[in-house]
>>> print(open('my_file_18.tsv').read())   # TSV, C-alpha atoms and all ligand atoms
chain	number	residue	atom	x	y	z
D	18	MET	CA	21.57	-4.43	16.25
D	19	LYS	CA	18.34	-5.81	14.82
D	20	LYS	CA	17.62	-5.39	11.11
D	21	LYS	CA	14.66	-3.18	10.30
D	22	VAL	CA	12.21	-4.01	7.51
D	23	VAL	CA	9.22	-2.22	6.06
D	24	VAL	CA	6.57	-4.61	4.79
D	25	ALA	CA	3.97	-3.38	2.28
D	26	LEU	CA	0.87	-5.57	2.24
D	27	GLY	CA	-1.14	-5.79	-0.98
D	28	HIS	CA	-4.74	-6.77	-1.65
D	29	ARG	CA	-4.25	-10.48	-1.07
D	30	ALA	CA	-3.00	-9.91	2.47
D	31	LEU	CA	-6.24	-8.20	3.47
D	32	GLY	CA	-9.12	-9.41	1.32
D	33	THR	CA	-11.84	-6.91	0.53
D	34	THR	CA	-14.92	-7.43	2.68
D	35	LEU	CA	-14.85	-7.65	6.48
D	36	PRO	CA	-15.29	-11.46	6.59
D	37	GLU	CA	-12.54	-11.85	3.96
D	38	GLN	CA	-10.29	-9.51	5.91
D	39	GLN	CA	-10.76	-11.39	9.16
D	40	VAL	CA	-9.63	-14.62	7.47
D	41	ALA	CA	-6.82	-13.06	5.39
D	42	VAL	CA	-5.17	-11.21	8.29
D	43	LYS	CA	-4.73	-14.49	10.18
D	44	GLN	CA	-2.45	-15.76	7.40
D	45	THR	CA	-0.76	-12.37	7.04
D	46	ALA	CA	-0.09	-12.34	10.78
D	47	LYS	CA	1.88	-15.58	10.41
D	48	SER	CA	4.21	-13.95	7.86
D	49	VAL	CA	4.71	-10.93	10.10
D	50	ALA	CA	5.29	-13.15	13.14
D	51	ASP	CA	7.88	-15.14	11.14
D	52	LEU	CA	9.81	-11.90	10.61
D	53	VAL	CA	9.60	-10.94	14.28
D	54	GLN	CA	10.65	-14.45	15.29
D	55	ASP	CA	13.57	-14.29	12.86
D	56	GLY	CA	14.79	-11.16	14.66
D	57	TYR	CA	13.59	-8.31	12.45
D	58	GLN	CA	12.07	-5.03	13.60
D	59	VAL	CA	8.93	-4.76	11.51
D	60	VAL	CA	6.99	-1.74	10.30
D	61	ILE	CA	3.94	-2.56	8.20
D	62	THR	CA	1.96	-0.61	5.68
D	63	HIS	CA	-0.95	-1.74	3.52
D	64	SER	CA	-3.30	-1.23	0.55
D	65	ASN	CA	-6.73	0.31	1.01
D	66	ALA	CA	-8.40	1.06	-2.35
D	67	PRO	CA	-11.22	-1.55	-2.17
D	68	GLN	CA	-11.92	-0.69	1.48
D	69	LEU	CA	-11.87	3.03	0.74
D	70	GLY	CA	-14.37	2.54	-2.09
D	71	MET	CA	-16.65	0.57	0.21
D	72	ILE	CA	-16.49	3.04	3.11
D	73	HIS	CA	-16.87	6.06	0.81
D	74	THR	CA	-19.98	4.54	-0.76
D	75	ALA	CA	-21.43	3.67	2.65
D	76	MET	CA	-20.79	7.16	4.03
D	77	ASN	CA	-21.90	9.14	1.01
D	78	GLU	CA	-24.65	7.16	-0.65
D	79	PHE	CA	-26.46	4.98	1.85
D	80	GLY	CA	-26.93	7.90	4.24
D	81	LYS	CA	-28.93	9.92	1.70
D	82	ASN	CA	-32.27	8.99	3.26
D	83	HIS	CA	-31.06	9.72	6.79
D	84	PRO	CA	-30.56	13.47	7.28
D	85	ASP	CA	-28.61	12.85	10.50
D	86	TYR	CA	-25.99	10.81	8.64
D	87	THR	CA	-23.68	13.35	7.08
D	88	PRO	CA	-21.39	12.56	4.14
D	89	ALA	CA	-17.64	12.14	4.70
D	90	PRO	CA	-14.89	13.38	2.41
D	91	MET	CA	-12.32	11.04	0.89
D	92	SER	CA	-9.65	11.96	3.47
D	93	VAL	CA	-11.94	11.07	6.39
D	94	CYS	CA	-12.85	7.78	4.66
D	95	SER	CA	-9.13	7.14	4.20
D	96	ALA	CA	-8.63	7.62	7.96
D	97	MET	CA	-11.47	5.14	8.53
D	98	THR	CA	-9.71	2.54	6.36
D	99	GLN	CA	-6.59	2.83	8.53
D	100	GLY	CA	-8.70	2.10	11.60
D	101	TYR	CA	-10.79	-0.61	9.95
D	102	ILE	CA	-7.77	-2.50	8.65
D	103	GLY	CA	-5.40	-1.67	11.50
D	104	PHE	CA	-7.81	-3.00	14.12
D	105	ASP	CA	-8.00	-6.48	12.58
D	106	LEU	CA	-4.37	-6.57	11.54
D	107	GLN	CA	-2.86	-5.52	14.86
D	108	ASN	CA	-5.03	-7.96	16.80
D	109	ALA	CA	-4.23	-10.84	14.43
D	110	ILE	CA	-0.49	-10.13	14.72
D	111	ARG	CA	-0.68	-9.73	18.50
D	112	GLU	CA	-2.53	-13.04	18.78
D	113	GLU	CA	-0.09	-14.88	16.51
D	114	LEU	CA	2.90	-13.51	18.44
D	115	LEU	CA	1.36	-14.50	21.79
D	116	THR	CA	0.67	-17.99	20.42
D	117	ARG	CA	4.40	-18.23	19.75
D	118	GLY	CA	5.24	-16.92	23.24
D	119	ILE	CA	6.39	-13.53	21.95
D	120	TYR	CA	5.24	-10.49	23.95
D	121	ARG	CA	5.37	-7.39	21.76
D	122	THR	CA	3.10	-4.35	21.53
D	123	VAL	CA	1.48	-4.01	18.12
D	124	SER	CA	-0.11	-0.68	17.30
D	125	THR	CA	-1.60	1.24	14.41
D	126	VAL	CA	-0.53	4.83	13.89
D	127	LEU	CA	-3.10	7.01	12.16
D	128	THR	CA	-0.78	8.55	9.59
D	129	GLN	CA	-1.10	11.61	7.39
D	130	VAL	CA	1.12	12.19	4.40
D	131	THR	CA	1.47	15.61	2.80
D	132	VAL	CA	1.05	16.01	-0.94
D	133	ASP	CA	1.90	18.89	-3.27
D	134	PRO	CA	-1.20	20.86	-4.34
D	135	TYR	CA	0.49	21.39	-7.72
D	136	ASP	CA	1.21	17.67	-8.22
D	137	GLU	CA	0.48	16.80	-11.87
D	138	ALA	CA	-1.69	13.93	-10.61
D	139	PHE	CA	-4.40	16.40	-9.57
D	140	TYR	CA	-4.93	17.21	-13.25
D	141	THR	CA	-5.16	13.58	-14.40
D	142	PRO	CA	-6.88	11.28	-11.86
D	143	THR	CA	-5.88	7.63	-12.33
D	144	LYS	CA	-6.83	5.69	-9.19
D	145	VAL	CA	-10.01	3.70	-9.85
D	146	LEU	CA	-12.23	3.44	-6.80
D	147	GLY	CA	-15.53	2.11	-5.56
D	148	ARG	CA	-18.52	0.35	-6.99
D	149	TYR	CA	-19.57	0.11	-10.62
D	150	MET	CA	-22.13	2.78	-11.42
D	151	SER	CA	-24.85	3.13	-14.03
D	152	ALA	CA	-24.54	5.86	-16.70
D	153	GLU	CA	-27.13	7.92	-14.74
D	154	ASP	CA	-25.17	7.72	-11.49
D	155	ALA	CA	-21.97	8.51	-13.40
D	156	ALA	CA	-23.59	11.66	-14.80
D	157	ILE	CA	-24.53	12.75	-11.24
D	158	GLU	CA	-20.92	12.23	-10.12
D	159	ARG	CA	-19.65	14.30	-13.07
D	160	LYS	CA	-22.07	17.11	-12.13
D	161	LYS	CA	-20.55	17.14	-8.64
D	162	GLY	CA	-17.16	17.75	-10.30
D	163	ASN	CA	-15.90	14.20	-9.84
D	164	TYR	CA	-14.12	12.14	-12.48
D	165	VAL	CA	-15.46	8.80	-13.72
D	166	VAL	CA	-14.19	6.28	-16.25
D	167	GLU	CA	-16.14	3.68	-18.19
D	168	GLU	CA	-15.03	0.06	-18.10
D	169	PRO	CA	-16.69	-1.37	-21.22
D	170	GLY	CA	-19.32	-3.97	-20.40
D	171	LYS	CA	-19.03	-3.34	-16.65
D	172	GLY	CA	-20.12	0.22	-15.98
D	173	PHE	CA	-18.59	3.42	-14.64
D	174	ARG	CA	-16.26	3.96	-11.68
D	175	ARG	CA	-14.87	6.96	-9.83
D	176	VAL	CA	-11.24	7.87	-10.46
D	177	VAL	CA	-9.28	10.00	-8.04
D	178	SER	CA	-5.85	11.58	-8.17
D	179	ALA	CA	-2.83	9.66	-6.92
D	180	PRO	CA	-0.29	12.35	-5.95
D	181	ASN	CA	3.21	11.49	-4.81
D	182	PRO	CA	3.87	11.29	-1.06
D	183	VAL	CA	5.92	14.26	0.16
D	184	LYS	CA	6.23	14.07	3.97
D	185	ILE	CA	5.05	11.53	6.54
D	186	VAL	CA	3.59	13.77	9.25
D	187	GLU	CA	3.71	11.25	12.13
D	188	MET	CA	7.20	9.98	11.22
D	189	ASP	CA	8.70	10.67	14.69
D	190	ALA	CA	6.00	8.61	16.40
D	191	ILE	CA	6.50	5.69	14.00
D	192	ARG	CA	10.29	5.82	14.46
D	193	THR	CA	10.02	5.97	18.24
D	194	LEU	CA	7.73	2.93	18.42
D	195	SER	CA	9.88	0.97	15.99
D	196	ASP	CA	13.12	1.86	17.80
D	197	ALA	CA	11.43	0.56	20.96
D	198	ASP	CA	11.15	-2.79	19.13
D	199	GLN	CA	7.39	-2.60	18.80
D	200	VAL	CA	5.50	-3.75	15.73
D	201	VAL	CA	4.00	-0.73	14.00
D	202	ILE	CA	1.30	-0.47	11.35
D	203	ALA	CA	1.56	2.94	9.70
D	204	CYS	CA	0.90	4.91	6.54
D	205	GLY	CA	-2.05	2.61	5.70
D	206	GLY	CA	-3.38	3.13	2.19
D	207	GLY	CA	-0.36	5.30	1.41
D	208	GLY	CA	-1.33	7.62	4.27
D	209	ILE	CA	-4.21	10.08	4.58
D	210	PRO	CA	-3.37	12.66	1.91
D	211	VAL	CA	-3.21	16.17	3.33
D	212	LEU	CA	-2.28	19.62	2.07
D	213	GLU	CA	-0.13	21.70	4.41
D	214	GLN	CA	-1.64	25.17	4.92
D	215	ASP	CA	0.51	26.89	7.55
D	216	HIS	CA	-0.36	25.01	10.77
D	217	HIS	CA	-3.46	23.43	9.25
D	218	LEU	CA	-3.52	20.07	7.47
D	219	LYS	CA	-6.39	19.98	4.98
D	220	GLY	CA	-7.60	16.57	3.78
D	221	ALA	CA	-7.12	16.08	0.04
D	222	SER	CA	-9.55	14.21	-2.19
D	223	ALA	CA	-6.94	11.75	-3.39
D	224	VAL	CA	-5.34	8.37	-2.75
D	225	ILE	CA	-1.58	7.98	-2.44
D	226	GLU	CA	-0.06	4.87	-4.02
D	227	LYS	CA	0.81	2.72	-1.03
D	228	ASP	CA	4.00	1.30	-2.57
D	229	LEU	CA	5.45	4.80	-3.00
D	230	THR	CA	4.71	5.68	0.62
D	231	ALA	CA	6.14	2.33	1.71
D	232	GLY	CA	9.39	3.24	-0.06
D	233	LYS	CA	9.44	6.67	1.61
D	234	LEU	CA	8.72	5.11	5.01
D	235	ALA	CA	11.60	2.66	4.52
D	236	GLU	CA	13.89	5.53	3.46
D	237	GLU	CA	12.95	7.66	6.48
D	238	LEU	CA	13.41	4.77	8.90
D	239	GLY	CA	16.77	3.86	7.38
D	240	ALA	CA	15.42	0.33	6.95
D	241	ASP	CA	17.63	-2.48	5.71
D	242	ALA	CA	14.97	-3.86	3.41
D	243	LEU	CA	11.69	-3.00	1.76
D	244	ILE	CA	9.47	-6.06	1.41
D	245	ILE	CA	6.52	-5.73	-0.96
D	246	LEU	CA	4.13	-8.65	-0.50
D	247	THR	CA	1.86	-9.08	-3.48
D	248	SER	CA	0.09	-11.81	-5.44
D	249	VAL	CA	3.08	-13.16	-7.40
D	250	GLU	CA	6.15	-15.08	-6.21
D	251	LYS	CA	8.34	-13.34	-8.79
D	252	VAL	CA	7.87	-10.49	-11.26
D	253	PHE	CA	7.87	-11.22	-14.98
D	254	ILE	CA	9.45	-9.48	-17.89
D	255	ASN	CA	7.81	-9.91	-21.29
D	256	ARG	CA	4.72	-10.95	-19.34
D	257	GLY	CA	2.10	-12.81	-21.37
D	258	THR	CA	4.44	-13.45	-24.32
D	259	ASP	CA	6.44	-16.54	-25.28
D	260	GLN	CA	9.53	-14.61	-24.07
D	261	GLU	CA	8.09	-14.41	-20.53
D	262	GLU	CA	10.77	-14.73	-17.87
D	263	GLN	CA	10.74	-14.54	-14.07
D	264	LEU	CA	13.08	-12.07	-12.41
D	265	GLY	CA	15.25	-13.33	-9.55
D	266	GLU	CA	18.02	-11.13	-8.14
D	267	ILE	CA	18.60	-8.02	-10.24
D	268	THR	CA	20.51	-4.78	-9.80
D	269	VAL	CA	19.03	-1.30	-9.64
D	270	SER	CA	20.40	-0.59	-13.13
D	271	GLN	CA	18.64	-3.65	-14.52
D	272	ALA	CA	15.44	-2.67	-12.71
D	273	LYS	CA	15.60	0.80	-14.26
D	274	GLN	CA	16.15	-0.68	-17.71
D	275	TYR	CA	13.12	-2.98	-17.36
D	276	MET	CA	11.03	-0.04	-16.11
D	277	GLU	CA	12.00	2.01	-19.15
D	278	GLU	CA	11.24	-0.90	-21.46
D	279	GLY	CA	7.68	-1.01	-20.07
D	280	HIS	CA	7.59	-4.54	-18.62
D	281	PHE	CA	5.49	-3.58	-15.60
D	282	GLY	CA	1.83	-2.59	-15.20
D	283	VAL	CA	1.71	1.19	-14.75
D	284	TYR	CA	-0.76	1.12	-11.85
D	285	ASN	CA	0.28	-2.11	-10.13
D	286	MET	CA	3.85	-3.36	-10.63
D	287	LEU	CA	5.59	-0.17	-11.76
D	288	PRO	CA	5.05	1.71	-8.45
D	289	LYS	CA	6.66	-1.24	-6.63
D	290	PHE	CA	9.78	-0.81	-8.77
D	291	ARG	CA	9.78	2.98	-8.46
D	292	ALA	CA	9.59	2.64	-4.66
D	293	SER	CA	12.28	-0.06	-4.54
D	294	VAL	CA	14.76	1.79	-6.75
D	295	SER	CA	14.35	5.07	-4.88
D	296	PHE	CA	14.77	3.33	-1.50
D	297	ILE	CA	17.89	1.43	-2.54
D	298	GLU	CA	19.54	4.43	-4.16
D	299	LYS	CA	19.21	6.52	-0.99
D	300	GLY	CA	21.32	4.28	1.28
D	301	GLU	CA	24.03	1.64	1.49
D	302	GLY	CA	23.46	-2.11	1.47
D	303	ARG	CA	19.70	-1.92	1.04
D	304	ARG	CA	17.59	-4.50	-0.73
D	305	ALA	CA	14.00	-4.67	-1.94
D	306	PHE	CA	11.98	-7.88	-2.18
D	307	ILE	CA	8.86	-8.30	-4.31
D	308	THR	CA	7.20	-11.63	-3.63
D	309	CYS	CA	4.16	-13.33	-2.09
D	310	GLN	CA	3.56	-14.21	1.55
D	311	GLU	CA	4.14	-17.93	1.05
D	312	SER	CA	7.62	-17.27	-0.33
D	313	LEU	CA	8.72	-14.58	2.11
D	314	ARG	CA	11.06	-16.64	4.32
D	315	ASP	CA	12.65	-18.30	1.28
D	316	ALA	CA	13.04	-14.95	-0.48
D	317	LEU	CA	14.92	-13.53	2.52
D	318	LYS	CA	17.26	-16.53	2.31
D	319	GLY	CA	17.88	-15.79	-1.39
D	320	ARG	CA	15.95	-18.83	-2.65
D	321	THR	CA	13.12	-17.09	-4.50
D	322	GLY	CA	11.30	-13.80	-5.10
D	323	THR	CA	12.35	-10.84	-7.16
D	324	VAL	CA	15.15	-9.15	-5.26
D	325	ILE	CA	16.55	-5.76	-6.22
D	326	CYS	CA	19.97	-4.84	-4.89
D	327	GLN	CA	22.66	-2.23	-5.46
D	328	ASP	CA	24.79	-2.37	-8.62
T	1	LIG	N1	5.52	-7.71	-15.01
T	1	LIG	C1	4.63	-8.17	-14.14
T	1	LIG	N2	4.89	-9.30	-13.44
T	1	LIG	C2	3.99	-9.77	-12.55
T	1	LIG	N3	2.80	-9.17	-12.29
T	1	LIG	C3	2.50	-8.04	-12.95
T	1	LIG	C4	3.41	-7.49	-13.89
T	1	LIG	N4	2.85	-6.35	-14.40
T	1	LIG	C5	1.67	-6.21	-13.81
T	1	LIG	N5	1.43	-7.21	-12.93
T	1	LIG	C6	0.20	-7.31	-12.14
T	1	LIG	O1	0.45	-6.71	-10.88
T	1	LIG	C7	-0.36	-7.38	-9.92
T	1	LIG	C8	0.12	-7.01	-8.54
T	1	LIG	O2	-0.13	-5.65	-8.32
T	1	LIG	P1	-1.36	-5.13	-7.45
T	1	LIG	O3	-2.60	-5.82	-7.87
T	1	LIG	O4	-1.33	-3.66	-7.41
T	1	LIG	O5	-0.92	-5.73	-6.12
T	1	LIG	P2	-0.96	-5.51	-4.60
T	1	LIG	O6	-2.35	-5.21	-4.20
T	1	LIG	O7	-0.51	-6.84	-4.15
T	1	LIG	O8	0.00	-4.42	-4.28
T	1	LIG	C9	-0.22	-8.82	-10.32
T	1	LIG	O9	-1.26	-9.62	-9.82
T	1	LIG	C10	-0.27	-8.73	-11.85
T	1	LIG	O10	-1.61	-8.79	-12.30
T	2	LIG	N1	-3.60	3.24	-1.51
T	2	LIG	C1	-3.35	2.22	-2.38
T	2	LIG	O1	-2.37	2.23	-3.14
T	2	LIG	O2	-4.25	1.20	-2.35
T	2	LIG	P1	-4.31	-0.07	-3.31
T	2	LIG	O3	-2.98	-0.76	-3.20
T	2	LIG	O4	-5.43	-0.87	-2.76
T	2	LIG	O5	-4.54	0.42	-4.70
>>> encode(input="my_file_18.tsv", output="C-alpha cells")
Amino acid sequence: MKKKVVVALGHRALGTTLPEQQVAVKQTAKSVADLVQDGYQVVITHSNAPQLGMIHTAMNEFGKNHPDYTPAPMSVCSAMTQGYIGFDLQNAIREELLTRGIYRTVSTVLTQVTVDPYDEAFYTPTKVLGRYMSAEDAAIERKKGNYVVEEPGKGFRRVVSAPNPVKIVEMDAIRTLSDADQVVIACGGGGIPVLEQDHHLKGASAVIEKDLTAGKLAEELGADALIILTSVEKVFINRGTDQEEQLGEITVSQAKQYMEEGHFGVYNMLPKFRASVSFIEKGEGRRAFITCQESLRDALKGRTGTVICQD
C-alpha cells in the first residue's frame, strides 16, 4: 500500500502577489511531483495570510466608490484565497506531473473547518493581516469593532482571531479523492473558519493557523507523515545566541521539552511543533518533517531536516 503524506506549504512556496505566486508554484510543483514520483499519496495544504489580507483589502476598501461592489466578510475572502491559490497550484502540479509522464487528477477542495465560538482566541486576536494603515485608518477600523496593532515605525495592521480547528467539514470528500490516488489540495489557509449552528455553517471572522489544520488533516487521513515545508532547512534551538544549534531527528518528548523551554516563535515555528506532536501522538509509526523544499527528498531519506518521531 502507498504511503500517505500531508504537505503543508508555507509562504515561500507561494509568494505573495499573483506574479510571485505563478513563479513560486512552478518550483513547489516540482517538490510535489517528486513525492508522487517516489510513490507517495499526497494531500496538500497551504498558507494564506498575505493573500487574505490582499483580497480583503481589495473587496472592502477599493470598492467604496462603486456602490455595486459590495464588501465581503473575512470568511468569503478566505474562500477566495483557496480558489486563487488552488487554481495556480493545481495547474502547476498537473503540468509538472504530465511533463514527467504521470497522469493524475489534481483538484482543490473548498474546505470549511469548524471552530468553537467560545475559543479563547476570540477574546485575544493574534493573527496580523493586511496592509499597513495610517493612524486615521486604524481609528476607523477600531470604530467598526475591529482590532488593530501598531508596529512601531511601520504603521497599524488588522489582527484577527486564530481559533483552533475543530472539525474538517469536507473530510469525506478529501479522503475519497486521496484514497483514489488523486492529488488533493485542501484546507487552504487552515480552512474557511465556520461556526456550526444546527444545519447552518456561519462564516467566522477569523483565520485558522494552517499548521494546526495540517496536523488535524494528517490525523484524520491516518497519514504516515506530516511534512511542513517552510523557509529553513532545519529548526534551531537557542536561535540567535552563541548556543544556537540545528535540530536533526528528535523524539516527541524532546520536542515537547524544547516547546516548553520557549525555543520556537509563538506565531511561526511553535504551531508547527504543536501540530507535529499532536499528529505523532495519535497514531503508530508516524513522523513529522520540518524543512525547506530544496531539502525535502534528502529529509525523507534521513539526511537532513528536523524530523520528529515517536519516543
Ligand atoms: N527556532 C526557530 N528555528 C528556525 N526558525 C524559527 C524559529 N523560531 C522562529 N522561526 C521563524 O519561523 C519562520 C518560519 O515560520 P513562518 O514564517 O510561519 O513560515 P511558513 O510560512 O513557512 O509556515 C522562519 O523563517 C523563522 O523566522
Ligand atoms: N492561515 C495561515 O496560517 O496562514 P499563514 O501561514 O500565511 O499565516
>>> closest_atom_pairs(input="my_file_18.tsv", of="chain D", to="ligand LIG 1 (chain T)", cutoff="9 Å", atoms="only C-alpha atoms and all ligand atoms", output="Markdown table")
| residue | atom | partner | partner_atom | distance |
| --- | --- | --- | --- | --- |
| D:Ala25 | CA | T:LIG1 | O8 | 7.7 |
| D:Leu26 | CA | T:LIG1 | O7 | 6.7 |
| D:Gly27 | CA | T:LIG1 | O7 | 3.4 |
| D:His28 | CA | T:LIG1 | O6 | 3.8 |
| D:Arg29 | CA | T:LIG1 | O7 | 6.1 |
| D:Ala30 | CA | T:LIG1 | O7 | 7.7 |
| D:His63 | CA | T:LIG1 | O8 | 8.3 |
| D:Ser64 | CA | T:LIG1 | O6 | 6.3 |
| D:Asn65 | CA | T:LIG1 | O6 | 8.8 |
| D:Ala66 | CA | T:LIG1 | O6 | 8.9 |
| D:Lys227 | CA | T:LIG1 | O8 | 7.9 |
| D:Asp228 | CA | T:LIG1 | O8 | 7.2 |
| D:Ile245 | CA | T:LIG1 | O8 | 7.4 |
| D:Leu246 | CA | T:LIG1 | O7 | 6.2 |
| D:Thr247 | CA | T:LIG1 | O7 | 3.3 |
| D:Ser248 | CA | T:LIG1 | O9 | 5.1 |
| D:Val249 | CA | T:LIG1 | O9 | 6.1 |
| D:Glu250 | CA | T:LIG1 | C2 | 8.5 |
| D:Lys251 | CA | T:LIG1 | C2 | 6.8 |
| D:Val252 | CA | T:LIG1 | N2 | 3.9 |
| D:Phe253 | CA | T:LIG1 | N2 | 3.9 |
| D:Ile254 | CA | T:LIG1 | N1 | 5.2 |
| D:Asn255 | CA | T:LIG1 | N1 | 7.0 |
| D:Arg256 | CA | T:LIG1 | N1 | 5.5 |
| D:Gly257 | CA | T:LIG1 | N1 | 8.8 |
| D:Gln263 | CA | T:LIG1 | N2 | 7.9 |
| D:Leu264 | CA | T:LIG1 | N2 | 8.7 |
| D:Gly279 | CA | T:LIG1 | N1 | 8.7 |
| D:His280 | CA | T:LIG1 | N1 | 5.2 |
| D:Phe281 | CA | T:LIG1 | N4 | 4.0 |
| D:Gly282 | CA | T:LIG1 | C5 | 3.9 |
| D:Val283 | CA | T:LIG1 | C5 | 7.5 |
| D:Tyr284 | CA | T:LIG1 | O4 | 6.5 |
| D:Asn285 | CA | T:LIG1 | O4 | 3.5 |
| D:Met286 | CA | T:LIG1 | O1 | 4.8 |
| D:Leu287 | CA | T:LIG1 | N4 | 7.3 |
| D:Pro288 | CA | T:LIG1 | O4 | 8.4 |
| D:Lys289 | CA | T:LIG1 | O8 | 7.7 |
| D:Cys309 | CA | T:LIG1 | O7 | 8.3 |
>>> closest_residue(input="my_file_18.tsv", among="D:Thr116, D:Lys171, D:Lys184, D:Pro142", to="Val130 in chain D", atoms="all atoms listed in the file")
D:Lys184
>>> closest_residue(input="my_file_18.tsv", among="D:Glu298, D:Asp85, D:Glu311, D:Glu37", to="Ala235 in chain D", atoms="all atoms listed in the file")
D:Glu298
>>> closest_residue(input="my_file_18.tsv", among="D:Lys21, D:Gln310, D:Gly70, D:Pro210", to="Ala46 in chain D", atoms="all atoms listed in the file")
D:Gln310
>>> residues_around(input="my_file_18.tsv", residues="Glu168 in chain D", least_positions_apart="4", cutoff="12 Å", atoms="only C-alpha atoms", output="PDB file with C-alpha atoms, keeping the file's coordinate frame")
ATOM      1  CA  VAL D 145     -10.010   3.700  -9.850  1.00  0.00           C
ATOM      2  CA  ARG D 148     -18.520   0.350  -6.990  1.00  0.00           C
ATOM      3  CA  TYR D 149     -19.570   0.110 -10.620  1.00  0.00           C
ATOM      4  CA  MET D 150     -22.130   2.780 -11.420  1.00  0.00           C
ATOM      5  CA  SER D 151     -24.850   3.130 -14.030  1.00  0.00           C
ATOM      6  CA  ALA D 152     -24.540   5.860 -16.700  1.00  0.00           C
ATOM      7  CA  ALA D 155     -21.970   8.510 -13.400  1.00  0.00           C
ATOM      8  CA  GLY D 172     -20.120   0.220 -15.980  1.00  0.00           C
ATOM      9  CA  PHE D 173     -18.590   3.420 -14.640  1.00  0.00           C
ATOM     10  CA  ARG D 174     -16.260   3.960 -11.680  1.00  0.00           C
ATOM     11  CA  ARG D 175     -14.870   6.960  -9.830  1.00  0.00           C
ATOM     12  CA  VAL D 176     -11.240   7.870 -10.460  1.00  0.00           C
TER      13      VAL D 176
END
>>> decode(input="my_file_18.tsv", residues="range 34-80 of chain D", atoms="C-alpha atoms", output="PDB file, in the first residue's frame")
ATOM      1  CA  THR D  34       1.476  38.669  -5.272  1.00  0.00           C
ATOM      2  CA  LEU D  35      -0.006  36.920  -8.316  1.00  0.00           C
ATOM      3  CA  PRO D  36       3.194  37.195 -10.425  1.00  0.00           C
ATOM      4  CA  GLU D  37       5.244  35.872  -7.474  1.00  0.00           C
ATOM      5  CA  GLN D  38       2.773  33.040  -6.973  1.00  0.00           C
ATOM      6  CA  GLN D  39       2.880  31.992 -10.608  1.00  0.00           C
ATOM      7  CA  VAL D  40       6.669  31.655 -10.414  1.00  0.00           C
ATOM      8  CA  ALA D  41       6.783  30.083  -6.923  1.00  0.00           C
ATOM      9  CA  VAL D  42       4.208  27.361  -7.633  1.00  0.00           C
ATOM     10  CA  LYS D  43       6.323  26.062 -10.532  1.00  0.00           C
ATOM     11  CA  GLN D  44       9.116  25.213  -8.074  1.00  0.00           C
ATOM     12  CA  THR D  45       6.645  23.928  -5.486  1.00  0.00           C
ATOM     13  CA  ALA D  46       5.086  21.677  -8.121  1.00  0.00           C
ATOM     14  CA  LYS D  47       8.473  20.007  -8.630  1.00  0.00           C
ATOM     15  CA  SER D  48       8.636  19.068  -4.928  1.00  0.00           C
ATOM     16  CA  VAL D  49       5.098  17.701  -5.012  1.00  0.00           C
ATOM     17  CA  ALA D  50       5.807  15.791  -8.232  1.00  0.00           C
ATOM     18  CA  ASP D  51       8.938  14.306  -6.614  1.00  0.00           C
ATOM     19  CA  LEU D  52       6.729  12.882  -3.867  1.00  0.00           C
ATOM     20  CA  VAL D  53       4.213  11.476  -6.346  1.00  0.00           C
ATOM     21  CA  GLN D  54       7.038  10.010  -8.428  1.00  0.00           C
ATOM     22  CA  ASP D  55       8.558   8.466  -5.301  1.00  0.00           C
ATOM     23  CA  GLY D  56       5.258   6.641  -4.706  1.00  0.00           C
ATOM     24  CA  TYR D  57       3.511   8.753  -2.069  1.00  0.00           C
ATOM     25  CA  GLN D  58      -0.162   9.685  -1.968  1.00  0.00           C
ATOM     26  CA  VAL D  59      -0.085  13.433  -1.452  1.00  0.00           C
ATOM     27  CA  VAL D  60      -2.569  15.774   0.187  1.00  0.00           C
ATOM     28  CA  ILE D  61      -1.517  19.412   0.227  1.00  0.00           C
ATOM     29  CA  THR D  62      -2.495  22.347   2.358  1.00  0.00           C
ATOM     30  CA  HIS D  63      -1.115  25.881   2.351  1.00  0.00           C
ATOM     31  CA  SER D  64      -0.707  29.308   3.980  1.00  0.00           C
ATOM     32  CA  ASN D  65      -2.932  32.224   3.024  1.00  0.00           C
ATOM     33  CA  ALA D  66      -2.431  35.219   5.346  1.00  0.00           C
ATOM     34  CA  PRO D  67      -0.782  37.612   2.825  1.00  0.00           C
ATOM     35  CA  GLN D  68      -3.285  36.652   0.121  1.00  0.00           C
ATOM     36  CA  LEU D  69      -6.204  37.015   2.524  1.00  0.00           C
ATOM     37  CA  GLY D  70      -5.013  40.495   3.504  1.00  0.00           C
ATOM     38  CA  MET D  71      -4.755  41.486  -0.145  1.00  0.00           C
ATOM     39  CA  ILE D  72      -8.169  40.116  -1.141  1.00  0.00           C
ATOM     40  CA  HIS D  73      -9.870  41.536   1.962  1.00  0.00           C
ATOM     41  CA  THR D  74      -8.452  44.986   1.219  1.00  0.00           C
ATOM     42  CA  ALA D  75      -9.495  44.763  -2.430  1.00  0.00           C
ATOM     43  CA  MET D  76     -13.033  43.661  -1.558  1.00  0.00           C
ATOM     44  CA  ASN D  77     -13.635  46.033   1.317  1.00  0.00           C
ATOM     45  CA  GLU D  78     -11.710  49.183   0.564  1.00  0.00           C
ATOM     46  CA  PHE D  79     -11.274  49.666  -3.156  1.00  0.00           C
ATOM     47  CA  GLY D  80     -14.972  49.097  -3.786  1.00  0.00           C
TER      48      GLY D  80
END
